[in-house]
file target-v3.pdb (PDB, C-alpha atoms (C1' of nucleotides))
MODEL        1
ATOM      1  CA  MET A  21     -20.158   3.833  -5.777  1.00  0.00           C
ATOM      2  CA  PRO A  22     -19.669   7.433  -6.873  1.00  0.00           C
ATOM      3  CA  LYS A  23     -18.536   8.819  -3.545  1.00  0.00           C
ATOM      4  CA  ASP A  24     -15.796   6.258  -2.946  1.00  0.00           C
ATOM      5  CA  ASN A  25     -14.917   6.383  -6.601  1.00  0.00           C
ATOM      6  CA  ASP A  26     -13.634   9.898  -6.032  1.00  0.00           C
ATOM      7  CA  PHE A  27     -10.992   8.678  -3.625  1.00  0.00           C
ATOM      8  CA  PHE A  28     -10.000   5.872  -5.935  1.00  0.00           C
ATOM      9  CA  SER A  29      -9.873   8.238  -8.896  1.00  0.00           C
ATOM     10  CA  SER A  30      -7.521  10.496  -6.979  1.00  0.00           C
ATOM     11  CA  VAL A  31      -5.234   7.566  -6.318  1.00  0.00           C
ATOM     12  CA  TYR A  32      -5.316   6.524  -9.940  1.00  0.00           C
ATOM     13  CA  GLN A  33      -4.564  10.039 -11.108  1.00  0.00           C
ATOM     14  CA  VAL A  34      -1.543  10.327  -8.854  1.00  0.00           C
ATOM     15  CA  VAL A  35      -0.252   6.911  -9.859  1.00  0.00           C
ATOM     16  CA  ARG A  36      -0.615   7.772 -13.526  1.00  0.00           C
ATOM     17  CA  LYS A  37       1.425  10.923 -12.933  1.00  0.00           C
ATOM     18  CA  ILE A  38       4.347   8.839 -11.806  1.00  0.00           C
ATOM     19  CA  PRO A  39       7.070   9.240 -14.446  1.00  0.00           C
ATOM     20  CA  ASP A  40       8.925   6.281 -15.898  1.00  0.00           C
ATOM     21  CA  SER A  41      11.646   4.655 -13.822  1.00  0.00           C
ATOM     22  CA  LYS A  42      10.006   6.180 -10.763  1.00  0.00           C
ATOM     23  CA  VAL A  43       8.109   4.570  -7.928  1.00  0.00           C
ATOM     24  CA  THR A  44       6.215   5.692  -4.858  1.00  0.00           C
ATOM     25  CA  SER A  45       4.768   4.263  -1.682  1.00  0.00           C
ATOM     26  CA  TYR A  46       1.214   3.740  -0.545  1.00  0.00           C
ATOM     27  CA  GLY A  47       1.824   5.965   2.452  1.00  0.00           C
ATOM     28  CA  SER A  48       2.864   8.926   0.313  1.00  0.00           C
ATOM     29  CA  ILE A  49      -0.220   8.661  -1.833  1.00  0.00           C
ATOM     30  CA  ALA A  50      -2.435   8.104   1.173  1.00  0.00           C
ATOM     31  CA  LYS A  51      -0.943  11.070   2.954  1.00  0.00           C
ATOM     32  CA  TYR A  52      -1.327  13.228  -0.110  1.00  0.00           C
ATOM     33  CA  LEU A  53      -4.990  12.294  -0.160  1.00  0.00           C
ATOM     34  CA  GLY A  54      -5.282  12.976   3.545  1.00  0.00           C
ATOM     35  CA  MET A  55      -5.455   9.329   4.548  1.00  0.00           C
ATOM     36  CA  ALA A  56      -1.928   8.976   5.827  1.00  0.00           C
ATOM     37  CA  ARG A  57      -3.101   6.417   8.350  1.00  0.00           C
ATOM     38  CA  SER A  58      -4.901   4.380   5.763  1.00  0.00           C
ATOM     39  CA  ALA A  59      -2.205   3.301   3.365  1.00  0.00           C
ATOM     40  CA  ARG A  60      -4.051   0.000   3.140  1.00  0.00           C
ATOM     41  CA  MET A  61      -6.897   1.719   1.376  1.00  0.00           C
ATOM     42  CA  VAL A  62      -4.482   2.755  -1.347  1.00  0.00           C
ATOM     43  CA  GLY A  63      -3.591  -0.876  -1.785  1.00  0.00           C
ATOM     44  CA  TRP A  64      -7.265  -1.710  -1.838  1.00  0.00           C
ATOM     45  CA  ALA A  65      -7.751   0.907  -4.513  1.00  0.00           C
ATOM     46  CA  MET A  66      -4.971  -0.727  -6.496  1.00  0.00           C
ATOM     47  CA  ASN A  67      -7.003  -3.876  -6.354  1.00  0.00           C
ATOM     48  CA  GLN A  68      -9.539  -2.173  -8.572  1.00  0.00           C
ATOM     49  CA  ALA A  69      -6.833  -0.500 -10.612  1.00  0.00           C
ATOM     50  CA  GLY A  70      -6.775  -3.506 -12.915  1.00  0.00           C
ATOM     51  CA  SER A  71     -10.453  -2.896 -13.596  1.00  0.00           C
ATOM     52  CA  GLN A  72     -10.032   0.790 -14.203  1.00  0.00           C
ATOM     53  CA  ILE A  73      -9.840   2.480 -17.568  1.00  0.00           C
ATOM     54  CA  PRO A  74      -7.271   3.455 -18.486  1.00  0.00           C
ATOM     55  CA  PRO A  75      -5.264   0.883 -16.534  1.00  0.00           C
ATOM     56  CA  VAL A  76      -3.230   2.191 -13.625  1.00  0.00           C
ATOM     57  CA  PRO A  77       0.521   1.457 -13.461  1.00  0.00           C
ATOM     58  CA  ALA A  78       0.223  -0.188 -10.084  1.00  0.00           C
ATOM     59  CA  HIS A  79       3.654  -1.691 -10.612  1.00  0.00           C
ATOM     60  CA  ARG A  80       5.055   1.728  -9.780  1.00  0.00           C
ATOM     61  CA  VAL A  81       3.490   1.591  -6.347  1.00  0.00           C
ATOM     62  CA  VAL A  82       5.357  -0.311  -3.676  1.00  0.00           C
ATOM     63  CA  ASN A  83       5.548  -0.328   0.077  1.00  0.00           C
ATOM     64  CA  ARG A  84       7.729   1.906   2.207  1.00  0.00           C
ATOM     65  CA  ASN A  85      10.596  -0.597   2.057  1.00  0.00           C
ATOM     66  CA  GLY A  86      10.658  -0.618  -1.731  1.00  0.00           C
ATOM     67  CA  LEU A  87       9.450  -4.186  -1.585  1.00  0.00           C
ATOM     68  CA  LEU A  88       7.118  -5.395  -4.326  1.00  0.00           C
ATOM     69  CA  THR A  89       4.423  -6.431  -1.921  1.00  0.00           C
ATOM     70  CA  GLY A  90       1.707  -6.213  -4.541  1.00  0.00           C
ATOM     71  CA  LYS A  91       3.438  -8.235  -7.216  1.00  0.00           C
ATOM     72  CA  ALA A  92       1.523 -11.305  -6.135  1.00  0.00           C
ATOM     73  CA  HIS A  93      -1.689  -9.576  -7.156  1.00  0.00           C
ATOM     74  CA  PHE A  94      -0.664  -8.998 -10.755  1.00  0.00           C
ATOM     75  CA  SER A  95      -1.923 -11.100 -13.599  1.00  0.00           C
ATOM     76  CA  PRO A  96       1.439 -12.843 -13.653  1.00  0.00           C
ATOM     77  CA  PRO A  97       3.324 -11.769 -10.524  1.00  0.00           C
ATOM     78  CA  GLU A  98       6.499 -11.539 -12.565  1.00  0.00           C
ATOM     79  CA  LYS A  99       4.922  -8.831 -14.689  1.00  0.00           C
ATOM     80  CA  MET A 100       5.405  -6.214 -11.995  1.00  0.00           C
ATOM     81  CA  GLU A 101       9.154  -6.410 -11.683  1.00  0.00           C
ATOM     82  CA  ARG A 102       9.406  -7.042 -15.387  1.00  0.00           C
ATOM     83  CA  LEU A 103       7.644  -3.752 -16.125  1.00  0.00           C
ATOM     84  CA  LEU A 104       9.835  -1.977 -13.619  1.00  0.00           C
ATOM     85  CA  LYS A 105      12.950  -3.377 -15.238  1.00  0.00           C
ATOM     86  CA  GLU A 106      11.621  -2.361 -18.632  1.00  0.00           C
ATOM     87  CA  GLU A 107      11.328   1.193 -17.341  1.00  0.00           C
ATOM     88  CA  GLY A 108      14.833   1.137 -15.975  1.00  0.00           C
ATOM     89  CA  VAL A 109      14.099   0.244 -12.363  1.00  0.00           C
ATOM     90  CA  LEU A 110      16.368  -2.495 -11.109  1.00  0.00           C
ATOM     91  CA  VAL A 111      14.582  -5.099  -9.052  1.00  0.00           C
ATOM     92  CA  LYS A 112      16.284  -7.781  -7.037  1.00  0.00           C
ATOM     93  CA  ASN A 113      14.684 -10.343  -4.778  1.00  0.00           C
ATOM     94  CA  ASP A 114      11.364  -8.481  -5.129  1.00  0.00           C
ATOM     95  CA  CYS A 115      13.083  -5.357  -3.863  1.00  0.00           C
ATOM     96  CA  ILE A 116      13.774  -2.154  -5.762  1.00  0.00           C
ATOM     97  CA  VAL A 117      17.474  -1.359  -6.035  1.00  0.00           C
ATOM     98  CA  ASN A 118      18.360   2.232  -5.177  1.00  0.00           C
ATOM     99  CA  PHE A 119      14.779   2.647  -4.081  1.00  0.00           C
ATOM    100  CA  LYS A 120      15.335   6.128  -2.695  1.00  0.00           C
ATOM    101  CA  GLU A 121      16.714   7.219  -6.055  1.00  0.00           C
ATOM    102  CA  HIS A 122      13.683   5.921  -7.871  1.00  0.00           C
ATOM    103  CA  PHE A 123      11.346   7.116  -5.150  1.00  0.00           C
ATOM    104  CA  TRP A 124       8.861   9.684  -6.394  1.00  0.00           C
ATOM    105  CA  ASP A 125       7.481  11.634  -3.490  1.00  0.00           C
ATOM    106  CA  VAL A 126       3.948  12.714  -4.312  1.00  0.00           C
ATOM    107  CA  GLU A 127       3.854  15.603  -1.887  1.00  0.00           C
ATOM    108  CA  GLN A 128       7.198  16.884  -3.107  1.00  0.00           C
ATOM    109  CA  GLU A 129       6.728  16.420  -6.826  1.00  0.00           C
ATOM    110  CA  LEU A 130       3.221  17.793  -6.776  1.00  0.00           C
ATOM    111  CA  SER A 131       4.431  20.725  -4.733  1.00  0.00           C
ATOM    112  CA  LEU A 132       2.057  20.376  -1.863  1.00  0.00           C
TER     113      LEU A 132
ATOM    114  C1'  DA B  10     -24.080  -6.950  14.001  1.00  0.00           C
ATOM    115  C1'  DG B  11     -19.557  -9.264  14.764  1.00  0.00           C
ATOM    116  C1'  DC B  12     -15.172 -11.210  13.367  1.00  0.00           C
ATOM    117  C1'  DC B  13     -11.399 -11.840  10.031  1.00  0.00           C
ATOM    118  C1'  DT B  14      -8.484 -10.464   6.295  1.00  0.00           C
ATOM    119  C1'  DG B  15      -5.703  -7.287   3.597  1.00  0.00           C
ATOM    120  C1'  DA B  16      -1.199  -4.473  -2.331  1.00  0.00           C
ATOM    121  C1'  DC B  17       0.620  -0.442   4.828  1.00  0.00           C
ATOM    122  C1'  DT B  18       2.999   2.346   8.402  1.00  0.00           C
ATOM    123  C1'  DT B  19       4.662   3.536  12.826  1.00  0.00           C
ATOM    124  C1'  DT B  20       6.159   2.683  17.263  1.00  0.00           C
ATOM    125  C1'  DG B  21       7.814  -0.026  21.144  1.00  0.00           C
ATOM    126  C1'  DT B  22      10.507  -3.833  23.110  1.00  0.00           C
TER     127       DT B  22
ATOM    128  C1'  DG C  10      18.620  -4.523  13.900  1.00  0.00           C
ATOM    129  C1'  DA C  11      14.686  -7.912  14.177  1.00  0.00           C
ATOM    130  C1'  DC C  12      10.163  -9.069  15.878  1.00  0.00           C
ATOM    131  C1'  DA C  13       5.564  -7.955  17.783  1.00  0.00           C
ATOM    132  C1'  DA C  14       1.644  -5.104  18.384  1.00  0.00           C
ATOM    133  C1'  DA C  15      -1.410  -1.340  17.354  1.00  0.00           C
ATOM    134  C1'  DG C  16      -3.834   1.886  14.276  1.00  0.00           C
ATOM    135  C1'  DC C  17      -6.189   2.546  10.187  1.00  0.00           C
ATOM    136  C1'  DC C  18     -10.514   1.819   6.575  1.00  0.00           C
ATOM    137  C1'  DA C  19     -13.090  -1.154   3.652  1.00  0.00           C
ATOM    138  C1'  DG C  20     -14.963  -5.542   2.282  1.00  0.00           C
ATOM    139  C1'  DG C  21     -16.239 -10.484   2.727  1.00  0.00           C
ATOM    140  C1'  DC C  22     -18.487 -14.194   5.418  1.00  0.00           C
TER     141       DC C  22
ENDMDL
END

call {"tool": "encode", "arguments": {"input": "target-v3.pdb", "output": "structure tokens"}}
result
Amino acid sequence: MPKDNDFFSSVYQVVRKIPDSKVTSYGSIAKYLGMARSARMVGWAMNQAGSQIPPVPAHRVVNRNGLLTGKAHFSPPEKMERLLKEEGVLVKNDCIVNFKEHFWDVEQELSL
DNA sequence: AGCCTGACTTTGT
DNA sequence: GACAAAGCCAGGC
């Protein structure tokens, strides 16, 4: 799957560029890649993130509401918010506190 | 081929 | 402000 791998690789690269204590949304990544209407594909890509080398910090990717929608897909679901807390991101009730402050806009940070 | 599901987002009621 | 529906692409059955 070389062709599709390119899209996934792009997602992984962007996610890896996310600095500590920062998070982003699937939509931002998708839009940056030109698939603004396919945020789900980003999530699907994250599904393979665990199989990628090096591993992708998928815990820094959340939905538009700052909700840890993908935490259930982690090895232990608690690992996601634990990692976020370790990086300085407060998580409460599976939601990121001060999400907009921790939000890392791909298009903005990468100077699109 | 057809239908259903999914780590999303936006819009309309 | 909350809930429902639609749009989107890919994969599994």

call {"tool": "axis_aligned_box", "arguments": {"input": "target-v3.pdb", "around": "segment 11-20 of chain C", "padding_each_side": "8 Å", "output": "AutoDock Vina command-line options"}}
result
--center_x -0.1 --center_y -3.3 --center_z 10.3 --size_x 45.6 --size_y 27.6 --size_z 32.1

call {"tool": "resolve_selection", "arguments": {"input": "target-v3.pdb", "expression": "the PyMOL selection byres ((chain A) within 12 of (chain C))", "output": "PDB file with C-alpha atoms, keeping the file's coordinate frame"}}
result
ATOM      1  CA  ASP A  24     -15.796   6.258  -2.946  1.00  0.00           C
ATOM      2  CA  GLY A  47       1.824   5.965   2.452  1.00  0.00           C
ATOM      3  CA  ALA A  50      -2.435   8.104   1.173  1.00  0.00           C
ATOM      4  CA  MET A  55      -5.455   9.329   4.548  1.00  0.00           C
ATOM      5  CA  ALA A  56      -1.928   8.976   5.827  1.00  0.00           C
ATOM      6  CA  ARG A  57      -3.101   6.417   8.350  1.00  0.00           C
ATOM      7  CA  SER A  58      -4.901   4.380   5.763  1.00  0.00           C
ATOM      8  CA  ALA A  59      -2.205   3.301   3.365  1.00  0.00           C
ATOM      9  CA  ARG A  60      -4.051   0.000   3.140  1.00  0.00           C
ATOM     10  CA  MET A  61      -6.897   1.719   1.376  1.00  0.00           C
ATOM     11  CA  VAL A  62      -4.482   2.755  -1.347  1.00  0.00           C
ATOM     12  CA  GLY A  63      -3.591  -0.876  -1.785  1.00  0.00           C
ATOM     13  CA  TRP A  64      -7.265  -1.710  -1.838  1.00  0.00           C
ATOM     14  CA  ALA A  65      -7.751   0.907  -4.513  1.00  0.00           C
ATOM     15  CA  ASN A  67      -7.003  -3.876  -6.354  1.00  0.00           C
TER      16      ASN A  67
END

call {"tool": "resolve_selection", "arguments": {"input": "target-v3.pdb", "expression": "the PyMOL selection byres ((chain B) within 8 of (chain A))", "output": "PDB file with C-alpha atoms (C1' of nucleotides), in the coordinates of the input"}}
result
ATOM      1  C1'  DG B  15      -5.703  -7.287   3.597  1.00  0.00           C
ATOM      2  C1'  DA B  16      -1.199  -4.473  -2.331  1.00  0.00           C
ATOM      3  C1'  DC B  17       0.620  -0.442   4.828  1.00  0.00           C
ATOM      4  C1'  DT B  18       2.999   2.346   8.402  1.00  0.00           C
TER       5       DT B  18
END

call {"tool": "closest_residue", "arguments": {"input": "target-v3.pdb", "among": "A:Tyr32, A:Gly70, A:Lys99, A:Gly86", "to": "Lys112 of chain A", "atoms": "all atoms listed in the file"}}
result
A:Gly86

call {"tool": "atom_distance", "arguments": {"input": "target-v3.pdb", "atom1": "atom CA of Val126 of chain A", "atom2": "atom CA of Asn85 of chain A"}}
result
16.2 Å

call {"tool": "resolve_selection", "arguments": {"input": "target-v3.pdb", "expression": "the PyMOL selection byres ((chain A and resi 38) around 10)", "output": "list in words"}}
result
Gln33, Val34, Val35, Arg36, Lys37, Pro39, Asp40, Ser41, Lys42, Val43, Thr44, Pro77, Arg80, Val81, Phe123, Trp124, Asp125, Val126 and Glu129 of chain A

call {"tool": "build_atoms", "arguments": {"input": "target-v3.pdb", "residues": "segment 85-96 of chain A", "atoms": "all heavy atoms", "output": "CSV table (one decimal), in the coordinates of the input"}}
result
chain,number,residue,atom,x,y,z
A,85,ASN,N,9.3,0.0,2.1
A,85,ASN,CA,10.6,-0.6,2.1
A,85,ASN,C,11.1,-0.8,0.6
A,85,ASN,O,12.2,-1.3,0.4
A,85,ASN,CB,10.5,-2.0,2.8
A,85,ASN,CG,10.3,-1.8,4.3
A,85,ASN,OD1,10.9,-1.0,4.9
A,85,ASN,ND2,9.3,-2.5,4.8
A,86,GLY,N,10.3,-0.4,-0.3
A,86,GLY,CA,10.7,-0.6,-1.7
A,86,GLY,C,10.5,-2.1,-2.1
A,86,GLY,O,10.9,-2.5,-3.1
A,87,LEU,N,9.7,-2.8,-1.3
A,87,LEU,CA,9.4,-4.2,-1.6
A,87,LEU,C,8.2,-4.3,-2.4
A,87,LEU,O,7.2,-3.7,-2.2
A,87,LEU,CB,9.3,-4.9,-0.3
A,87,LEU,CG,9.0,-6.4,-0.4
A,87,LEU,CD1,10.3,-7.1,-1.0
A,87,LEU,CD2,8.7,-7.0,1.0
A,88,LEU,N,8.3,-5.2,-3.4
A,88,LEU,CA,7.1,-5.4,-4.3
A,88,LEU,C,6.0,-6.3,-3.7
A,88,LEU,O,5.8,-7.4,-4.1
A,88,LEU,CB,7.6,-6.0,-5.6
A,88,LEU,CG,8.8,-5.3,-6.3
A,88,LEU,CD1,9.2,-6.0,-7.6
A,88,LEU,CD2,8.4,-3.8,-6.5
A,89,THR,N,5.4,-5.7,-2.7
A,89,THR,CA,4.4,-6.4,-1.9
A,89,THR,C,3.2,-6.8,-2.8
A,89,THR,O,2.5,-7.8,-2.5
A,89,THR,CB,4.0,-5.6,-0.7
A,89,THR,OG1,3.6,-4.3,-1.2
A,89,THR,CG2,5.0,-5.5,0.3
A,90,GLY,N,2.9,-6.0,-3.8
A,90,GLY,CA,1.7,-6.2,-4.5
A,90,GLY,C,1.9,-7.0,-5.8
A,90,GLY,O,1.0,-7.3,-6.6
A,91,LYS,N,3.1,-7.5,-6.0
A,91,LYS,CA,3.4,-8.2,-7.2
A,91,LYS,C,2.6,-9.5,-7.3
A,91,LYS,O,2.2,-9.9,-8.4
A,91,LYS,CB,4.9,-8.6,-7.3
A,91,LYS,CG,5.3,-9.7,-6.3
A,91,LYS,CD,6.6,-10.3,-6.7
A,91,LYS,CE,6.7,-11.7,-6.1
A,91,LYS,NZ,7.9,-12.4,-6.6
A,92,ALA,N,2.3,-10.1,-6.2
A,92,ALA,CA,1.5,-11.3,-6.1
A,92,ALA,C,0.1,-11.1,-6.7
A,92,ALA,O,-0.6,-12.1,-7.0
A,92,ALA,CB,1.5,-11.8,-4.7
A,93,HIS,N,-0.3,-9.9,-6.7
A,93,HIS,CA,-1.7,-9.6,-7.2
A,93,HIS,C,-1.8,-9.2,-8.6
A,93,HIS,O,-2.8,-8.9,-9.1
A,93,HIS,CB,-2.3,-8.4,-6.3
A,93,HIS,CG,-2.6,-8.9,-5.0
A,93,HIS,ND1,-4.0,-9.0,-4.6
A,93,HIS,CD2,-1.9,-9.2,-3.9
A,93,HIS,CE1,-4.0,-9.4,-3.3
A,93,HIS,NE2,-2.8,-9.5,-2.9
A,94,PHE,N,-0.6,-9.3,-9.3
A,94,PHE,CA,-0.7,-9.0,-10.8
A,94,PHE,C,-1.1,-10.2,-11.5
A,94,PHE,O,-1.1,-11.4,-11.0
A,94,PHE,CB,0.7,-8.5,-11.2
A,94,PHE,CG,0.9,-7.1,-11.0
A,94,PHE,CD1,1.1,-6.5,-9.7
A,94,PHE,CD2,0.9,-6.2,-12.1
A,94,PHE,CE1,1.2,-5.2,-9.5
A,94,PHE,CE2,1.1,-4.8,-11.9
A,94,PHE,CZ,1.3,-4.3,-10.6
A,95,SER,N,-1.5,-10.0,-12.8
A,95,SER,CA,-1.9,-11.1,-13.6
A,95,SER,C,-0.9,-12.2,-13.5
A,95,SER,O,-1.2,-13.3,-13.0
A,95,SER,CB,-2.1,-10.6,-15.0
A,95,SER,OG,-2.0,-9.2,-15.1
A,96,PRO,N,0.3,-12.0,-14.1
A,96,PRO,CA,1.4,-12.8,-13.7
A,96,PRO,C,2.3,-12.0,-12.7
A,96,PRO,O,2.7,-10.9,-13.1
A,96,PRO,CB,2.2,-13.1,-15.0
A,96,PRO,CG,1.7,-12.0,-16.0
A,96,PRO,CD,0.7,-11.2,-15.3
